[in-house]
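All remarks here apply to the structure that follows.
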Amino acid sequence: MNTTTAYAHRSRFFSIPTLETVAAWLLAIIWIFPLLYAFWAAFHPSEFMVNFALFAPLTLENFTNAWSQAPFARYYLNTFALVTGVVIGQFVVCTLAAFAFARFPIPGKNVLFMLVLIQLFVFPEVLIVENYRIASELGLINTITGIGLPYVASALGIFLLRQTFKTIPRELEDAARIEGCNWLEILWKVYVPLAKPTYLAYGLVSISHHWNNFIWPLVVTNSVESRPLTVGLGVFSAPETGVNWATVSAATLLSIAPLLIAFLLFQRQFVQSFLRAGIR
Amino acid sequence: MQLYGALLLLPAAVLLTTFAYLPTVTTVINSLFLPGFRGAPTEFVGLENYQVLFDDPTFWKVARNNLIYAVGTIPTSIALALGMALFVNGKLRGRGFVRMAYFTPTILPMIAAANIWMFFYAPQIGLFNKLLGMLGFSGVNWLGDPNLALSSVIVMSVWKEAGFFMIFYLAALQSMPPELKEAADLEGTSRWSFFWRVTFPLLMPTTLFVLINALINSVRVVDHLFILTKGGPNNATNLLLYYVYENAFSFFDRTTAATITVVILLVLAVVATLKFTILDRRTHYQ
């Protein structure tokens with residue numbers, strides 16, 4: 001190691017941080033603190049909730065308590081089924097509609113597209129009362145289909161895929177047609193593969209949204225068989241149930257763990273996806 | 001061709017009609033009728049339900065709460081988001097961690113976030129009151145005091161939302177041509193005036209975009225109320241959509257619920273008009 005790098009090395013460690021750096025770090029610590037606190041509370045006996053003894057004994061008991069006091073395994077299963085079903089449904093329905101909007105001559109197409117965009121503002125949860133009535137007429141109350149179905153025709157998905165499809169050169173399509181592909185084959189072999197980044201971005205946004213969605217699932221479910229994690233957690237941790245707090249924080253971490261881990265591993269993809277889905 | 005196109009649209013059209021258009025129309029219709037007693041036919045009452053709603057002081061309280069909630073959360077989270085983006089965009093040691101810390105609340109479900117903040121706000125065992133106690137102050141009832149409860153809810157919402165808006169500012173900052181900064185440095189422009197004269201105006205489209213999103217969220221997201229306050233104490237933290245939920249599923253008053261829903265739809269219509277007229281004309285992303 002020569003002297004200049006050694007010097008640079010030293011100055012990196014001994015330089016006084018600027019006011020800005022201090023502010024940025026302070027804000028970051030404040031922002032992450034609630035989550036760190038949830039970890040603290042979940043991994044320590046409940047008498048250490050507000051007692052930050054450095055060598056407080058670690059325990060997994062809160063997690064075993066949470067796991068045994070509420071059917072979290074079932075909730076996990078329900079959430080997995082819900083998220084998988086919604087994303088697959090959205091991919092199929094939105095792909096077809098986006099393809100039609102991007103490439104087919106449909107009378108009044110622009111008006112129809114504007115009508116679709118309304119759903120960017122009028123979400124199923126805003127129309128909660130009427131959607132509940134419709135779901136019960138269709139026999140969808142207390143089913144995972146009932147939670148997911150109102151979200152399957154997603155304006156965001158149709159919009160994003162239409163934008164992507166429109167950028168794909170017509171020549172590729174023509175070439176496929178000369179080789180004898182019909183419409184569906186062209187969609188499947190030309191458009192869908194080229195739109196992969198959009199599917200990834202939209203998929204991640206959709207997974208996060210439906211993993212976290214609460215009010216509509218709460219209304220439309222009423223038993224363990226169909227409740228997703230968020231509703232299960234809401235029922236479990238309602239203050240009036242008097243569940244021990246350390247247990248509640250363990251339950252909270254259990255519910256957020258898969259998404260949180262996925263986020264920490266694929267931060268860049270998550271952030272990019274939110275950006276792609278947001279800037280429209 | 002046209003037939004194929006129509007067939008491709010069909011699944012989406014059926015679903016959107018069932019879960020968006022039809023419920024919107026029936027909500028508006030329900031707000032104009034009174035339900036009949038014991039199977040009697042419903043009765044058309046015109047705008048009478050709205051008259052009743054507007055005479056209801058609770059409705060005004062809830063509407064006012066929602067306005068305060070919007071005014072309390074939106075400018076604060078936008079300002080914080082912009083600050084975070086500027087921090088993270090600059091040279092900063094541990095930038096990756098700082099950015100992750102800012103963004104992580106976005107990934108959590110609102111319910112989980114509310115659970116965590118409950119540990120802070122709870123009257124006896126909550127962390128905030130324990131800390132106040134250590135400093136010799138008496139505890140504050142963060143969620144039980146009608147004068148304070150809404151502010152407590154607002155603080156939590158800002159924490160949850162700011163990091164999400166940050167990423168849009170960050171993307172906008174990163175796409176800014178570096179020549180601007182170089183030119184400003186040559187001219188000896190101070191960082192302060194560079195921010196206000198150059199950066200901030202250039203970020204205007206992003207600010208408008210974030211503003212629209214924040215407005216929508218302020219009428220749409222009420223999940224945290226289920227854990228934190230249930231709209232209490234005495235409706236001090238009740239918001240419009242939560243009030244709809246209460247009317248429909250606690251008081252079984254579908255008519256009032258429909259009438260309030262129409263009010264929410266009107267607010268969203270204003271936001272949508274704002275987006276399609278102002279924002280789409282002034283942004284040039286693609």
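In the structure tokens, chains take the letters A, B, ... in the order shown, each chain's residues start at 1, and ligands count up from 1 in the order shown.
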Can you list every residue in segment 24-217 of chain A that DSSP puts in helix (DSSP H, G or I), as an NGL selection string? :A and (24-43 or 46-48 or 61-69 or 72-103 or 109-120 or 128-137 or 144-151 or 155-166 or 170-178 or 183-194 or 196-212 or 215-217)
Can I get the residues of chain A within 6 Å of chain B, each with the closest pair of atoms and their distance in Å to one decimal, using only C-alpha atoms, sorted chain first then ascending number, as JSON lines?
{"residue": "A:Ala24", "atom": "CA", "partner": "B:Phe87", "partner_atom": "CA", "distance": 5.9}
{"residue": "A:Ala28", "atom": "CA", "partner": "B:Val98", "partner_atom": "CA", "distance": 5.3}
{"residue": "A:Trp31", "atom": "CA", "partner": "B:Tyr102", "partner_atom": "CA", "distance": 5.9}
{"residue": "A:Ile32", "atom": "CA", "partner": "B:Ala101", "partner_atom": "CA", "distance": 5.1}
{"residue": "A:Val93", "atom": "CA", "partner": "B:Ala12", "partner_atom": "CA", "distance": 5.8}
{"residue": "A:Leu96", "atom": "CA", "partner": "B:Leu8", "partner_atom": "CA", "distance": 5.0}
{"residue": "A:Ala97", "atom": "CA", "partner": "B:Leu9", "partner_atom": "CA", "distance": 4.6}
{"residue": "A:Ala100", "atom": "CA", "partner": "B:Gly5", "partner_atom": "CA", "distance": 5.0}
{"residue": "A:Phe104", "atom": "CA", "partner": "B:Gly5", "partner_atom": "CA", "distance": 5.4}
{"residue": "A:Pro105", "atom": "CA", "partner": "B:Gln2", "partner_atom": "CA", "distance": 5.9}
{"residue": "A:Ile106", "atom": "CA", "partner": "B:Gln2", "partner_atom": "CA", "distance": 5.6}
{"residue": "A:Glu130", "atom": "CA", "partner": "B:Pro23", "partner_atom": "CA", "distance": 5.2}
{"residue": "A:Pro150", "atom": "CA", "partner": "B:Phe19", "partner_atom": "CA", "distance": 5.4}
{"residue": "A:Ala153", "atom": "CA", "partner": "B:Ala12", "partner_atom": "CA", "distance": 5.0}
{"residue": "A:Asn212", "atom": "CA", "partner": "B:Pro109", "partner_atom": "CA", "distance": 4.3}
{"residue": "A:Ala238", "atom": "CA", "partner": "B:Ile227", "partner_atom": "CA", "distance": 6.0}
{"residue": "A:Thr252", "atom": "CA", "partner": "B:Ala112", "partner_atom": "CA", "distance": 5.6}
One number please: atom CA of Gly157 of chain A to atom CA of Lys109 of chain A, in Å, one decimal.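 Going from atom CA of Gly157 of chain A over to atom CA of Lys109 of chain A, I get 17.1 Å.
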One decimal place gives the atom CA of Thr21 of chain A-atom CA of Thr73 of chain B separation as 25.2 Å
Step one, run DSSP on the backbone; step two, keep only residues of segment 1-209 of chain B assigned to strand (DSSP E or B); then write them as a PyMOL selection string. chain B and resi 33-34+43-44
N, CA and C atoms of the current selection, written as an mmCIF file, in the first residue's frame:
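The new file again-v8.cif reads:
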data_model
loop_
_atom_site.group_PDB
_atom_site.id
_atom_site.type_symbol
_atom_site.label_atom_id
_atom_site.label_comp_id
_atom_site.auth_asym_id
_atom_site.auth_seq_id
_atom_site.Cartn_x
_atom_site.Cartn_y
_atom_site.Cartn_z
ATOM 1 N N PHE B 33 -82.224 6.730 -3.117
ATOM 2 C CA PHE B 33 -83.412 5.978 -2.684
ATOM 3 C C PHE B 33 -83.347 5.702 -1.193
ATOM 4 N N LEU B 34 -84.519 5.481 -0.604
ATOM 5 C CA LEU B 34 -84.584 4.974 0.768
ATOM 6 C C LEU B 34 -85.028 3.522 0.698
ATOM 7 N N GLU B 43 -87.975 3.608 -2.075
ATOM 8 C CA GLU B 43 -88.691 4.845 -2.390
ATOM 9 C C GLU B 43 -87.695 5.877 -2.898
ATOM 10 N N PHE B 44 -88.018 6.481 -4.025
ATOM 11 C CA PHE B 44 -87.142 7.508 -4.583
ATOM 12 C C PHE B 44 -87.267 8.783 -3.747
#
